[in-house]
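J.: final-v2.pdb (PDB, C-alpha atoms, pLDDT in the B column) pasted underneath:
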ATOM      1  CA  MET A1470      18.695 -13.859  -0.979  1.00 98.00           C
ATOM      2  CA  LEU A1471      16.524 -12.699   1.919  1.00 98.00           C
ATOM      3  CA  LEU A1472      13.168 -11.109   1.110  1.00 98.00           C
ATOM      4  CA  ASP A1473      11.002  -9.063   3.396  1.00 98.00           C
ATOM      5  CA  PHE A1474       7.354 -10.026   2.840  1.00 98.00           C
ATOM      6  CA  ASP A1475       5.184  -6.902   3.034  1.00 98.00           C
ATOM      7  CA  GLY A1476       6.468  -4.774   0.160  1.00 97.00           C
ATOM      8  CA  PRO A1477       9.006  -6.853  -1.757  1.00 98.00           C
ATOM      9  CA  VAL A1478       6.697  -9.890  -2.095  1.00 98.00           C
ATOM     10  CA  CYS A1479       3.237  -8.381  -1.826  1.00 98.00           C
ATOM     11  CA  LYS A1480       1.209  -5.517  -0.470  1.00 98.00           C
ATOM     12  CA  VAL A1481      -0.274  -7.315   2.524  1.00 98.00           C
ATOM     13  CA  PHE A1482      -2.881  -4.745   3.484  1.00 98.00           C
ATOM     14  CA  ALA A1483      -4.064  -3.802  -0.002  1.00 98.00           C
ATOM     15  CA  GLY A1484      -7.620  -5.002   0.617  1.00 98.00           C
ATOM     16  CA  LEU A1485      -7.759  -4.819   4.406  1.00 98.00           C
ATOM     17  CA  PRO A1486      -5.994  -1.548   5.293  1.00 98.00           C
ATOM     18  CA  ALA A1487      -3.365  -1.585   8.024  1.00 98.00           C
ATOM     19  CA  PRO A1488      -5.083   1.280   9.928  1.00 98.00           C
ATOM     20  CA  GLU A1489      -8.256  -0.844  10.174  1.00 98.00           C
ATOM     21  CA  VAL A1490      -6.298  -3.772  11.589  1.00 98.00           C
ATOM     22  CA  ALA A1491      -4.532  -1.448  14.030  1.00 98.00           C
ATOM     23  CA  ALA A1492      -7.930  -0.088  15.116  1.00 98.00           C
ATOM     24  CA  ARG A1493      -9.195  -3.627  15.722  1.00 98.00           C
ATOM     25  CA  LEU A1494      -6.213  -4.396  17.936  1.00 98.00           C
ATOM     26  CA  LYS A1495      -6.650  -1.179  19.905  1.00 98.00           C
ATOM     27  CA  ARG A1496     -10.348  -1.964  20.455  1.00 98.00           C
ATOM     28  CA  LEU A1497      -9.351  -5.411  21.724  1.00 98.00           C
ATOM     29  CA  LEU A1498      -6.931  -3.845  24.185  1.00 98.00           C
ATOM     30  CA  GLN A1499      -9.590  -1.443  25.427  1.00 98.00           C
ATOM     31  CA  ASP A1500     -12.155  -4.227  25.718  1.00 98.00           C
ATOM     32  CA  GLU A1501      -9.653  -6.088  27.888  1.00 98.00           C
ATOM     33  CA  GLY A1502      -9.411  -3.064  30.188  1.00 98.00           C
ATOM     34  CA  ALA A1503      -6.118  -1.623  28.992  1.00 98.00           C
ATOM     35  CA  GLU A1504      -5.651   2.139  28.968  1.00 97.00           C
ATOM     36  CA  LEU A1505      -3.954   3.110  25.726  1.00 98.00           C
ATOM     37  CA  PRO A1506      -1.016   5.515  25.941  1.00 98.00           C
ATOM     38  CA  ARG A1507      -1.431   8.608  23.792  1.00 97.00           C
ATOM     39  CA  ASP A1508       1.133   7.457  21.215  1.00 98.00           C
ATOM     40  CA  VAL A1509      -0.630   4.107  20.830  1.00 98.00           C
ATOM     41  CA  VAL A1510      -3.988   5.808  20.240  1.00 98.00           C
ATOM     42  CA  GLU A1511      -2.422   7.489  17.216  1.00 98.00           C
ATOM     43  CA  LEU A1512      -0.761   4.373  15.772  1.00 98.00           C
ATOM     44  CA  ASP A1513      -2.070   3.088  12.428  1.00 98.00           C
ATOM     45  CA  ASP A1514       0.433   0.225  12.042  1.00 98.00           C
ATOM     46  CA  PRO A1515      -0.728  -3.051  13.638  1.00 98.00           C
ATOM     47  CA  LEU A1516       2.832  -4.303  14.081  1.00 98.00           C
ATOM     48  CA  LYS A1517       3.668  -1.199  16.074  1.00 98.00           C
ATOM     49  CA  VAL A1518       0.567  -1.727  18.221  1.00 98.00           C
ATOM     50  CA  LEU A1519       1.789  -5.247  19.004  1.00 98.00           C
ATOM     51  CA  ARG A1520       5.285  -3.987  19.749  1.00 98.00           C
ATOM     52  CA  ARG A1521       3.994  -1.321  22.160  1.00 98.00           C
ATOM     53  CA  THR A1522       1.582  -3.734  23.851  1.00 98.00           C
ATOM     54  CA  ALA A1523       4.600  -5.491  25.318  1.00 97.00           C
ATOM     55  CA  ASP A1524       5.495  -2.214  27.057  1.00 97.00           C
ATOM     56  CA  PHE A1525       2.200  -1.146  28.624  1.00 98.00           C
ATOM     57  CA  ALA A1526       0.128  -4.359  28.770  1.00 98.00           C
ATOM     58  CA  PRO A1527       2.493  -7.358  28.570  1.00 97.00           C
ATOM     59  CA  GLU A1528      -0.210  -9.655  29.944  1.00 98.00           C
ATOM     60  CA  LEU A1529      -2.207  -9.015  26.747  1.00 98.00           C
ATOM     61  CA  VAL A1530       0.563  -9.704  24.234  1.00 98.00           C
ATOM     62  CA  ASP A1531      -0.703 -13.221  23.510  1.00 97.00           C
ATOM     63  CA  LYS A1532      -4.255 -12.028  22.847  1.00 98.00           C
ATOM     64  CA  VAL A1533      -3.122  -9.195  20.611  1.00 98.00           C
ATOM     65  CA  GLU A1534      -0.736 -11.559  18.832  1.00 98.00           C
ATOM     66  CA  ALA A1535      -3.495 -14.071  18.156  1.00 98.00           C
ATOM     67  CA  ALA A1536      -5.781 -11.340  16.846  1.00 98.00           C
ATOM     68  CA  LEU A1537      -3.057  -9.991  14.591  1.00 98.00           C
ATOM     69  CA  VAL A1538      -2.328 -13.442  13.162  1.00 98.00           C
ATOM     70  CA  ALA A1539      -6.032 -13.848  12.343  1.00 98.00           C
ATOM     71  CA  ASN A1540      -6.198 -10.410  10.720  1.00 98.00           C
ATOM     72  CA  GLU A1541      -3.067 -11.067   8.670  1.00 98.00           C
ATOM     73  CA  ALA A1542      -4.577 -14.310   7.419  1.00 97.00           C
ATOM     74  CA  GLU A1543      -7.655 -12.334   6.358  1.00 98.00           C
ATOM     75  CA  ALA A1544      -5.555  -9.596   4.773  1.00 98.00           C
ATOM     76  CA  VAL A1545      -3.441 -11.846   2.555  1.00 98.00           C
ATOM     77  CA  GLU A1546      -6.580 -13.118   0.841  1.00 97.00           C
ATOM     78  CA  SER A1547      -6.745  -9.738  -0.931  1.00 98.00           C
ATOM     79  CA  ALA A1548      -3.019  -8.916  -0.928  1.00 98.00           C
ATOM     80  CA  GLU A1549      -1.492  -7.678  -4.184  1.00 98.00           C
ATOM     81  CA  ILE A1550       1.629  -9.406  -5.466  1.00 98.00           C
ATOM     82  CA  THR A1551       4.570  -7.085  -6.077  1.00 98.00           C
ATOM     83  CA  PRO A1552       5.413  -6.541  -9.754  1.00 98.00           C
ATOM     84  CA  GLY A1553       8.654  -8.299 -10.679  1.00 98.00           C
ATOM     85  CA  VAL A1554       8.874 -10.600  -7.670  1.00 98.00           C
ATOM     86  CA  ARG A1555       8.040 -13.698  -9.730  1.00 98.00           C
ATOM     87  CA  ASP A1556      10.876 -12.777 -12.077  1.00 98.00           C
ATOM     88  CA  LEU A1557      13.246 -12.301  -9.151  1.00 98.00           C
ATOM     89  CA  LEU A1558      12.354 -15.679  -7.676  1.00 98.00           C
ATOM     90  CA  ALA A1559      12.885 -17.283 -11.081  1.00 98.00           C
ATOM     91  CA  ALA A1560      16.257 -15.569 -11.471  1.00 98.00           C
ATOM     92  CA  CYS A1561      17.365 -16.819  -8.052  1.00 98.00           C
ATOM     93  CA  ALA A1562      16.304 -20.366  -8.967  1.00 97.00           C
ATOM     94  CA  GLU A1563      18.174 -20.166 -12.281  1.00 97.00           C
ATOM     95  CA  THR A1564      21.372 -19.047 -10.573  1.00 97.00           C
ATOM     96  CA  GLY A1565      21.186 -21.397  -7.593  1.00 96.00           C
ATOM     97  CA  ARG A1566      20.478 -18.777  -4.959  1.00 97.00           C
ATOM     98  CA  PRO A1567      18.193 -19.937  -2.129  1.00 97.00           C
ATOM     99  CA  VAL A1568      15.510 -17.430  -1.145  1.00 98.00           C
ATOM    100  CA  ILE A1569      14.333 -17.055   2.446  1.00 98.00           C
ATOM    101  CA  VAL A1570      11.395 -14.845   3.389  1.00 98.00           C
ATOM    102  CA  VAL A1571      12.291 -12.818   6.490  1.00 98.00           C
ATOM    103  CA  SER A1572       9.351 -10.900   7.900  1.00 98.00           C
ATOM    104  CA  ASN A1573       7.703  -9.268  10.889  1.00 98.00           C
ATOM    105  CA  ASN A1574       4.450 -10.730   9.562  1.00 98.00           C
ATOM    106  CA  SER A1575       3.308 -14.105  10.822  1.00 98.00           C
ATOM    107  CA  ARG A1576       4.443 -17.336   9.201  1.00 97.00           C
ATOM    108  CA  PRO A1577       0.866 -18.644   8.666  1.00 97.00           C
ATOM    109  CA  ALA A1578      -0.051 -15.526   6.677  1.00 98.00           C
ATOM    110  CA  ILE A1579       3.104 -15.789   4.578  1.00 98.00           C
ATOM    111  CA  GLU A1580       2.469 -19.459   3.869  1.00 98.00           C
ATOM    112  CA  ARG A1581      -1.139 -18.758   2.923  1.00 98.00           C
ATOM    113  CA  PHE A1582      -0.174 -16.046   0.454  1.00 98.00           C
ATOM    114  CA  LEU A1583       2.666 -18.012  -1.127  1.00 98.00           C
ATOM    115  CA  GLY A1584       0.429 -21.048  -1.504  1.00 98.00           C
ATOM    116  CA  GLY A1585      -2.367 -19.051  -3.112  1.00 97.00           C
ATOM    117  CA  ALA A1586       0.099 -17.370  -5.485  1.00 98.00           C
ATOM    118  CA  GLY A1587       1.726 -20.657  -6.423  1.00 97.00           C
ATOM    119  CA  LEU A1588       5.057 -19.541  -4.975  1.00 97.00           C
ATOM    120  CA  ASN A1589       5.496 -21.875  -2.024  1.00 93.00           C
ATOM    121  CA  GLY A1590       7.989 -23.931  -4.024  1.00 95.00           C
ATOM    122  CA  SER A1591      10.033 -20.856  -4.877  1.00 97.00           C
ATOM    123  CA  VAL A1592      11.373 -20.212  -1.380  1.00 98.00           C
ATOM    124  CA  ALA A1593      13.721 -22.346   0.662  1.00 97.00           C
ATOM    125  CA  GLY A1594      12.372 -21.177   3.994  1.00 98.00           C
ATOM    126  CA  ILE A1595      10.301 -18.702   5.952  1.00 98.00           C
ATOM    127  CA  VAL A1596      11.277 -16.824   9.099  1.00 98.00           C
ATOM    128  CA  GLY A1597       8.199 -15.054  10.357  1.00 98.00           C
ATOM    129  CA  ARG A1598       7.468 -12.933  13.399  1.00 97.00           C
ATOM    130  CA  PRO A1599       8.748 -14.527  16.634  1.00 96.00           C
ATOM    131  CA  ILE A1600       5.416 -15.326  18.270  1.00 93.00           C
ATOM    132  CA  GLY A1601       5.156 -13.865  21.743  1.00 91.00           C
ATOM    133  CA  ARG A1602       8.439 -11.969  21.422  1.00 95.00           C
ATOM    134  CA  PRO A1603       7.737  -8.638  19.724  1.00 96.00           C
ATOM    135  CA  ASP A1604      11.068  -7.407  21.085  1.00 96.00           C
ATOM    136  CA  GLU A1605      12.790  -9.796  18.648  1.00 97.00           C
ATOM    137  CA  MET A1606      11.066  -8.426  15.552  1.00 98.00           C
ATOM    138  CA  LYS A1607      13.259  -6.550  13.064  1.00 98.00           C
ATOM    139  CA  PRO A1608      15.383  -4.455  13.586  1.00 98.00           C
ATOM    140  CA  HIS A1609      16.542  -7.187  15.994  1.00 98.00           C
ATOM    141  CA  PRO A1610      18.966  -9.386  13.998  1.00 98.00           C
ATOM    142  CA  ARG A1611      17.390 -12.676  15.108  1.00 98.00           C
ATOM    143  CA  SER A1612      15.304 -13.293  11.983  1.00 98.00           C
ATOM    144  CA  VAL A1613      18.133 -12.452   9.582  1.00 98.00           C
ATOM    145  CA  LEU A1614      20.572 -14.693  11.438  1.00 98.00           C
ATOM    146  CA  ARG A1615      18.031 -17.523  11.503  1.00 98.00           C
ATOM    147  CA  ALA A1616      17.503 -17.158   7.746  1.00 98.00           C
ATOM    148  CA  CYS A1617      21.248 -17.389   7.194  1.00 98.00           C
ATOM    149  CA  GLU A1618      21.297 -20.624   9.187  1.00 97.00           C
ATOM    150  CA  ILE A1619      18.531 -22.069   7.005  1.00 97.00           C
ATOM    151  CA  ALA A1620      20.359 -21.070   3.824  1.00 96.00           C
ATOM    152  CA  ALA A1621      23.699 -22.281   5.249  1.00 96.00           C
ATOM    153  CA  VAL A1622      25.460 -18.986   4.506  1.00 97.00           C
ATOM    154  CA  ARG A1623      27.373 -16.505   6.608  1.00 97.00           C
ATOM    155  CA  PRO A1624      25.589 -13.192   7.259  1.00 98.00           C
ATOM    156  CA  GLU A1625      28.097 -11.315   5.103  1.00 97.00           C
ATOM    157  CA  GLU A1626      27.091 -13.568   2.204  1.00 97.00           C
ATOM    158  CA  ALA A1627      23.412 -12.696   2.550  1.00 98.00           C
ATOM    159  CA  LEU A1628      21.469  -9.863   0.954  1.00 98.00           C
ATOM    160  CA  LEU A1629      18.230  -8.588   2.481  1.00 98.00           C
ATOM    161  CA  ILE A1630      15.708  -6.796   0.278  1.00 98.00           C
ATOM    162  CA  GLY A1631      13.298  -4.709   2.316  1.00 98.00           C
ATOM    163  CA  ASP A1632      11.209  -1.560   2.217  1.00 97.00           C
ATOM    164  CA  SER A1633      11.540  -0.230   5.763  1.00 96.00           C
ATOM    165  CA  GLY A1634      14.158   1.280   8.011  1.00 97.00           C
ATOM    166  CA  PHE A1635      13.785  -1.723  10.303  1.00 97.00           C
ATOM    167  CA  ASP A1636      14.863  -3.984   7.415  1.00 98.00           C
ATOM    168  CA  MET A1637      17.987  -1.945   6.783  1.00 98.00           C
ATOM    169  CA  GLU A1638      18.822  -1.834  10.487  1.00 98.00           C
ATOM    170  CA  ALA A1639      18.244  -5.582  10.880  1.00 98.00           C
ATOM    171  CA  ALA A1640      20.693  -6.276   8.057  1.00 98.00           C
ATOM    172  CA  ILE A1641      23.290  -4.016   9.651  1.00 98.00           C
ATOM    173  CA  ASN A1642      22.752  -5.581  13.077  1.00 98.00           C
ATOM    174  CA  ALA A1643      23.207  -9.074  11.611  1.00 98.00           C
ATOM    175  CA  GLY A1644      26.217  -8.162   9.473  1.00 98.00           C
ATOM    176  CA  ALA A1645      24.389  -8.651   6.157  1.00 98.00           C
ATOM    177  CA  ARG A1646      24.038  -6.380   3.123  1.00 98.00           C
ATOM    178  CA  SER A1647      20.773  -4.775   2.047  1.00 98.00           C
ATOM    179  CA  ILE A1648      18.870  -3.379  -0.906  1.00 98.00           C
ATOM    180  CA  ALA A1649      16.092  -0.905  -0.255  1.00 98.00           C
ATOM    181  CA  TYR A1650      12.938  -1.423  -2.270  1.00 98.00           C
ATOM    182  CA  ALA A1651      11.804   2.184  -2.596  1.00 96.00           C
ATOM    183  CA  ASN A1652       8.178   1.672  -3.592  1.00 90.00           C
ATOM    184  CA  GLU A1653       7.044   5.166  -2.604  1.00 90.00           C
ATOM    185  CA  PRO A1654       8.327   8.670  -3.442  1.00 91.00           C
ATOM    186  CA  GLY A1655      11.102   9.794  -1.125  1.00 92.00           C
ATOM    187  CA  LYS A1656      11.609   6.353   0.343  1.00 94.00           C
ATOM    188  CA  GLY A1657      14.978   5.894  -1.321  1.00 95.00           C
ATOM    189  CA  VAL A1658      16.469   8.796   0.618  1.00 96.00           C
ATOM    190  CA  THR A1659      14.980   7.615   3.906  1.00 96.00           C
ATOM    191  CA  LEU A1660      16.209   4.052   3.485  1.00 97.00           C
ATOM    192  CA  THR A1661      19.651   5.174   2.365  1.00 97.00           C
ATOM    193  CA  GLN A1662      19.864   7.159   5.583  1.00 97.00           C
ATOM    194  CA  ALA A1663      18.819   3.993   7.430  1.00 97.00           C
ATOM    195  CA  GLY A1664      21.858   2.201   6.018  1.00 97.00           C
ATOM    196  CA  ALA A1665      20.796   0.591   2.732  1.00 98.00           C
ATOM    197  CA  ASP A1666      23.727  -0.519   0.579  1.00 97.00           C
ATOM    198  CA  ALA A1667      21.725   0.056  -2.620  1.00 97.00           C
ATOM    199  CA  VAL A1668      18.296   1.289  -3.674  1.00 97.00           C
ATOM    200  CA  THR A1669      15.869   0.184  -6.380  1.00 97.00           C
ATOM    201  CA  SER A1670      12.305   1.017  -7.294  1.00 96.00           C
ATOM    202  CA  ALA A1671      11.733  -2.175  -9.323  1.00 97.00           C
ATOM    203  CA  MET A1672      12.119  -5.803  -8.305  1.00 97.00           C
ATOM    204  CA  SER A1673      12.722  -6.641 -11.960  1.00 97.00           C
ATOM    205  CA  ASP A1674      15.952  -4.616 -11.809  1.00 97.00           C
ATOM    206  CA  ILE A1675      17.212  -6.892  -9.034  1.00 97.00           C
ATOM    207  CA  ALA A1676      16.235  -9.937 -11.104  1.00 98.00           C
ATOM    208  CA  ALA A1677      18.289  -8.593 -14.022  1.00 97.00           C
ATOM    209  CA  ALA A1678      21.272  -7.971 -11.756  1.00 96.00           C
ATOM    210  CA  VAL A1679      21.023 -11.512 -10.349  1.00 97.00           C
ATOM    211  CA  ARG A1680      21.078 -13.010 -13.835  1.00 97.00           C
ATOM    212  CA  ALA A1681      23.946 -10.774 -14.920  1.00 96.00           C
ATOM    213  CA  ASP A1682      25.971 -11.841 -11.897  1.00 91.00           C
ATOM    214  CA  GLY A1683      25.341 -15.497 -12.755  1.00 82.00           C
TER
END
Could you quickly redo this structure as structure tokens?
T.:
Amino acid sequence: MLLDFDGPVCKVFAGLPAPEVAARLKRLLQDEGAELPRDVVELDDPLKVLRRTADFAPELVDKVEAALVANEAEAVESAEITPGVRDLLAACAETGRPVIVVSNNSRPAIERFLGGAGLNGSVAGIVGRPIGRPDEMKPHPRSVLRACEIAAVRPEEALLIGDSGFDMEAAINAGARSIAYANEPGKGVTLTQAGADAVTSAMSDIAAAVRADG
């Protein structure tokens, strides 16, 4: 079982909004002398700011990366755990299914949240954002394939639960299956179009299905 972090496990930017973090990164870029392309000026997703930095200011990727890691660590202090995820993790433990967190968020932030929530013993591994290589973030298959290696399963035996088109595409690119966590109105349709094999609006439903499957 592969779990995306922001969405299926918790709402990372519940207390520190993603647009504020994106604004901080854009100010850093400007302070370093970078001229922001028009599309970057309008971005309110910090991960997308990092991804685009590699295109127009590659020499600043490390600085933006470091700033994002620090902001993620701050954000997870007020992150909200996703309803039903504890039940899902318990169901996976009961049925002998290893769980790997596969995320475009940084590993330190994931570890901090899991530790604070008392869940660090509930996952068999963490594959976070490839530091310094935003081009290898999902939808690149790297993180999914690495998670499969950790769990000692073939990609076709793995199931990725995510809440973004990038998650669905990463699963397809790696040869894995996917379930879309549609936590907002209309998201189920969008993620189905992105290639999701199934859709749910409740993590507890997945937990029930895991137990029923044995």
J.: Name the residues in contact with Glu1504 of chain A at a cut-off of 10 Å, using all atoms listed in the file, excluding same-chain residues fewer than 4 positions from it; report them as a list in words.
T.: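 Everything that qualifies: Lys1495, Leu1498, Gln1499, Asp1500, Val1509, Val1510, Phe1525 and Ala1526 of chain A.
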J.: Using the chain letters and residue numbers of this document, give as an MDAnalysis selection string the residues selected by the PyMOL selection byres ((chain A and resi 1546) around 12).
T.: chainID A and resid 1479:1485 1539:1545 1547:1550 1578:1586
J.: So which residues get picked by the PyMOL selection byres ((chain A and resi 1607) around 8) here, written as a PDB file with C-alpha atoms, in the frame of the given file?
T.:
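So the final result, stored in selection_7.pdb, reads:
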ATOM      1  CA  SER A1572       9.351 -10.900   7.900  1.00 98.00           C
ATOM      2  CA  ASN A1573       7.703  -9.268  10.889  1.00 98.00           C
ATOM      3  CA  GLU A1605      12.790  -9.796  18.648  1.00 97.00           C
ATOM      4  CA  MET A1606      11.066  -8.426  15.552  1.00 98.00           C
ATOM      5  CA  PRO A1608      15.383  -4.455  13.586  1.00 98.00           C
ATOM      6  CA  HIS A1609      16.542  -7.187  15.994  1.00 98.00           C
ATOM      7  CA  PRO A1610      18.966  -9.386  13.998  1.00 98.00           C
ATOM      8  CA  ARG A1611      17.390 -12.676  15.108  1.00 98.00           C
ATOM      9  CA  SER A1612      15.304 -13.293  11.983  1.00 98.00           C
ATOM     10  CA  PHE A1635      13.785  -1.723  10.303  1.00 97.00           C
ATOM     11  CA  ASP A1636      14.863  -3.984   7.415  1.00 98.00           C
ATOM     12  CA  GLU A1638      18.822  -1.834  10.487  1.00 98.00           C
ATOM     13  CA  ALA A1639      18.244  -5.582  10.880  1.00 98.00           C
TER      14      ALA A1639
END
J.: Would you mind reading off the distance between atom CA of Gly1476 of chain A and atom CA of Val1596 of chain A, one decimal, in Å?
T.: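 Here the two named atoms are 15.8 Å from each other.
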J.: Kindly compute an axis-aligned box around the listed atoms of segment 1618-1623 of chain A, allowing 8 Å on each side, and express its centre and edge lengths in Å to one decimal as AutoDock Vina command-line options.
T.:
--center_x 23.0 --center_y -19.4 --center_z 6.5 --size_x 24.8 --size_y 21.8 --size_z 21.4
J.: Would you mind reading off the distance between atom CA of Ala1681 of chain A and atom CA of Ala1616 of chain A, one decimal, in Å?
T.: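 Distance between the two atoms: 24.4 Å.
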J.: Hey, what's within 8 Å of Gly1553 of chain A if we count only C-alpha atoms and toss same-chain stuff fewer than 4 positions away? As a ChimeraX atom specification, please?
T.: /A:1557,1671-1673,1676
J.: Taking C-alpha atoms for each residue, export the selection above as a PDB file, in the frame of the given file.
T.:
ATOM      1  CA  LEU A1557      13.246 -12.301  -9.151  1.00 98.00           C
ATOM      2  CA  ALA A1671      11.733  -2.175  -9.323  1.00 97.00           C
ATOM      3  CA  MET A1672      12.119  -5.803  -8.305  1.00 97.00           C
ATOM      4  CA  SER A1673      12.722  -6.641 -11.960  1.00 97.00           C
ATOM      5  CA  ALA A1676      16.235  -9.937 -11.104  1.00 98.00           C
TER       6      ALA A1676
END
J.: Care to translate the PyMOL selection byres ((chain A and resi 1661) around 12) into actual residues of this file, as an mmCIF file with C-alpha atoms, in the coordinates of the input?
T.:
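After the write, selection_34.cif holds the following:
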data_model
loop_
_atom_site.group_PDB
_atom_site.id
_atom_site.type_symbol
_atom_site.label_atom_id
_atom_site.label_comp_id
_atom_site.auth_asym_id
_atom_site.auth_seq_id
_atom_site.Cartn_x
_atom_site.Cartn_y
_atom_site.Cartn_z
ATOM 1 C CA GLY A 1631 13.298 -4.709 2.316
ATOM 2 C CA ASP A 1632 11.209 -1.560 2.217
ATOM 3 C CA SER A 1633 11.540 -0.230 5.763
ATOM 4 C CA GLY A 1634 14.158 1.280 8.011
ATOM 5 C CA ASP A 1636 14.863 -3.984 7.415
ATOM 6 C CA MET A 1637 17.987 -1.945 6.783
ATOM 7 C CA GLU A 1638 18.822 -1.834 10.487
ATOM 8 C CA SER A 1647 20.773 -4.775 2.047
ATOM 9 C CA ILE A 1648 18.870 -3.379 -0.906
ATOM 10 C CA ALA A 1649 16.092 -0.905 -0.255
ATOM 11 C CA TYR A 1650 12.938 -1.423 -2.270
ATOM 12 C CA ALA A 1651 11.804 2.184 -2.596
ATOM 13 C CA GLY A 1655 11.102 9.794 -1.125
ATOM 14 C CA LYS A 1656 11.609 6.353 0.343
ATOM 15 C CA GLY A 1657 14.978 5.894 -1.321
ATOM 16 C CA VAL A 1658 16.469 8.796 0.618
ATOM 17 C CA THR A 1659 14.980 7.615 3.906
ATOM 18 C CA LEU A 1660 16.209 4.052 3.485
ATOM 19 C CA GLN A 1662 19.864 7.159 5.583
ATOM 20 C CA ALA A 1663 18.819 3.993 7.430
ATOM 21 C CA GLY A 1664 21.858 2.201 6.018
ATOM 22 C CA ALA A 1665 20.796 0.591 2.732
ATOM 23 C CA ASP A 1666 23.727 -0.519 0.579
ATOM 24 C CA ALA A 1667 21.725 0.056 -2.620
ATOM 25 C CA VAL A 1668 18.296 1.289 -3.674
ATOM 26 C CA THR A 1669 15.869 0.184 -6.380
#
J.: Go through A:Leu1505, A:Ala1643, A:Val1679, A:Val1478 and flag the residue nearest Pro1552 of chain A, using all atoms listed in the file for the distances.
T.: A:Val1478
J.: Could you check which of A:Asp1604, A:Asp1473, A:Asp1682, A:Glu1501 is closest to Leu1516 of chain A, using only C-alpha atoms?
T.: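 Result for the nearest residue to Leu1516 of chain A: A:Asp1604.
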J.: Restricting the calculation to only C-alpha atoms: of A:Pro1515, A:Gly1502, A:Gly1683, A:Pro1654, which residue gets closest to Pro1486 of chain A?
T.: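 Using only C-alpha atoms, the shortest distance to Pro1486 of chain A belongs to A:Pro1515.
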J.: Rank A:Val1490, A:Gly1594, A:Arg1496, A:Glu1618 by their smallest atom-to-atom distance to Val1568 of chain A, using all atoms listed in the file, and report the top residue only.
T.: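 Using all atoms listed in the file, the shortest distance to Val1568 of chain A belongs to A:Gly1594.
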J.: Could you get me a file of segment 1600-1604 of chain A with all heavy atoms, as an mmCIF file, in the first residue's frame, taken from the block above?
T.:
data_model
loop_
_atom_site.group_PDB
_atom_site.id
_atom_site.type_symbol
_atom_site.label_atom_id
_atom_site.label_comp_id
_atom_site.auth_asym_id
_atom_site.auth_seq_id
_atom_site.Cartn_x
_atom_site.Cartn_y
_atom_site.Cartn_z
ATOM 1 N N ILE A 1600 15.557 15.385 -3.235
ATOM 2 C CA ILE A 1600 16.177 16.686 -2.981
ATOM 3 C C ILE A 1600 17.112 17.080 -4.123
ATOM 4 O O ILE A 1600 17.991 16.320 -4.527
ATOM 5 C CB ILE A 1600 16.947 16.671 -1.641
ATOM 6 C CG1 ILE A 1600 16.000 16.350 -0.489
ATOM 7 C CG2 ILE A 1600 17.633 18.011 -1.417
ATOM 8 C CD1 ILE A 1600 14.849 17.328 -0.326
ATOM 9 N N GLY A 1601 16.880 18.281 -4.638
ATOM 10 C CA GLY A 1601 17.713 18.794 -5.712
ATOM 11 C C GLY A 1601 17.332 18.310 -7.096
ATOM 12 O O GLY A 1601 17.946 18.708 -8.089
ATOM 13 N N ARG A 1602 16.304 17.463 -7.175
ATOM 14 C CA ARG A 1602 15.872 16.935 -8.475
ATOM 15 C C ARG A 1602 14.361 17.083 -8.633
ATOM 16 O O ARG A 1602 13.624 16.089 -8.647
ATOM 17 C CB ARG A 1602 16.276 15.457 -8.605
ATOM 18 C CG ARG A 1602 17.762 15.191 -8.724
ATOM 19 C CD ARG A 1602 18.375 15.864 -9.944
ATOM 20 N NE ARG A 1602 17.714 15.491 -11.194
ATOM 21 C CZ ARG A 1602 18.085 14.465 -11.949
ATOM 22 N NH1 ARG A 1602 19.122 13.718 -11.587
ATOM 23 N NH2 ARG A 1602 17.445 14.201 -13.072
ATOM 24 N N PRO A 1603 13.882 18.314 -8.733
ATOM 25 C CA PRO A 1603 12.431 18.504 -8.888
ATOM 26 C C PRO A 1603 11.864 17.835 -10.131
ATOM 27 O O PRO A 1603 10.672 17.542 -10.187
ATOM 28 C CB PRO A 1603 12.267 20.030 -8.949
ATOM 29 C CG PRO A 1603 13.619 20.561 -9.274
ATOM 30 C CD PRO A 1603 14.591 19.606 -8.682
ATOM 31 N N ASP A 1604 12.724 17.555 -11.104
ATOM 32 C CA ASP A 1604 12.257 16.871 -12.318
ATOM 33 C C ASP A 1604 11.870 15.426 -12.042
ATOM 34 O O ASP A 1604 11.176 14.795 -12.852
ATOM 35 C CB ASP A 1604 13.336 16.919 -13.403
ATOM 36 C CG ASP A 1604 14.638 16.270 -12.968
ATOM 37 O OD1 ASP A 1604 15.164 16.657 -11.891
ATOM 38 O OD2 ASP A 1604 15.151 15.385 -13.684
#
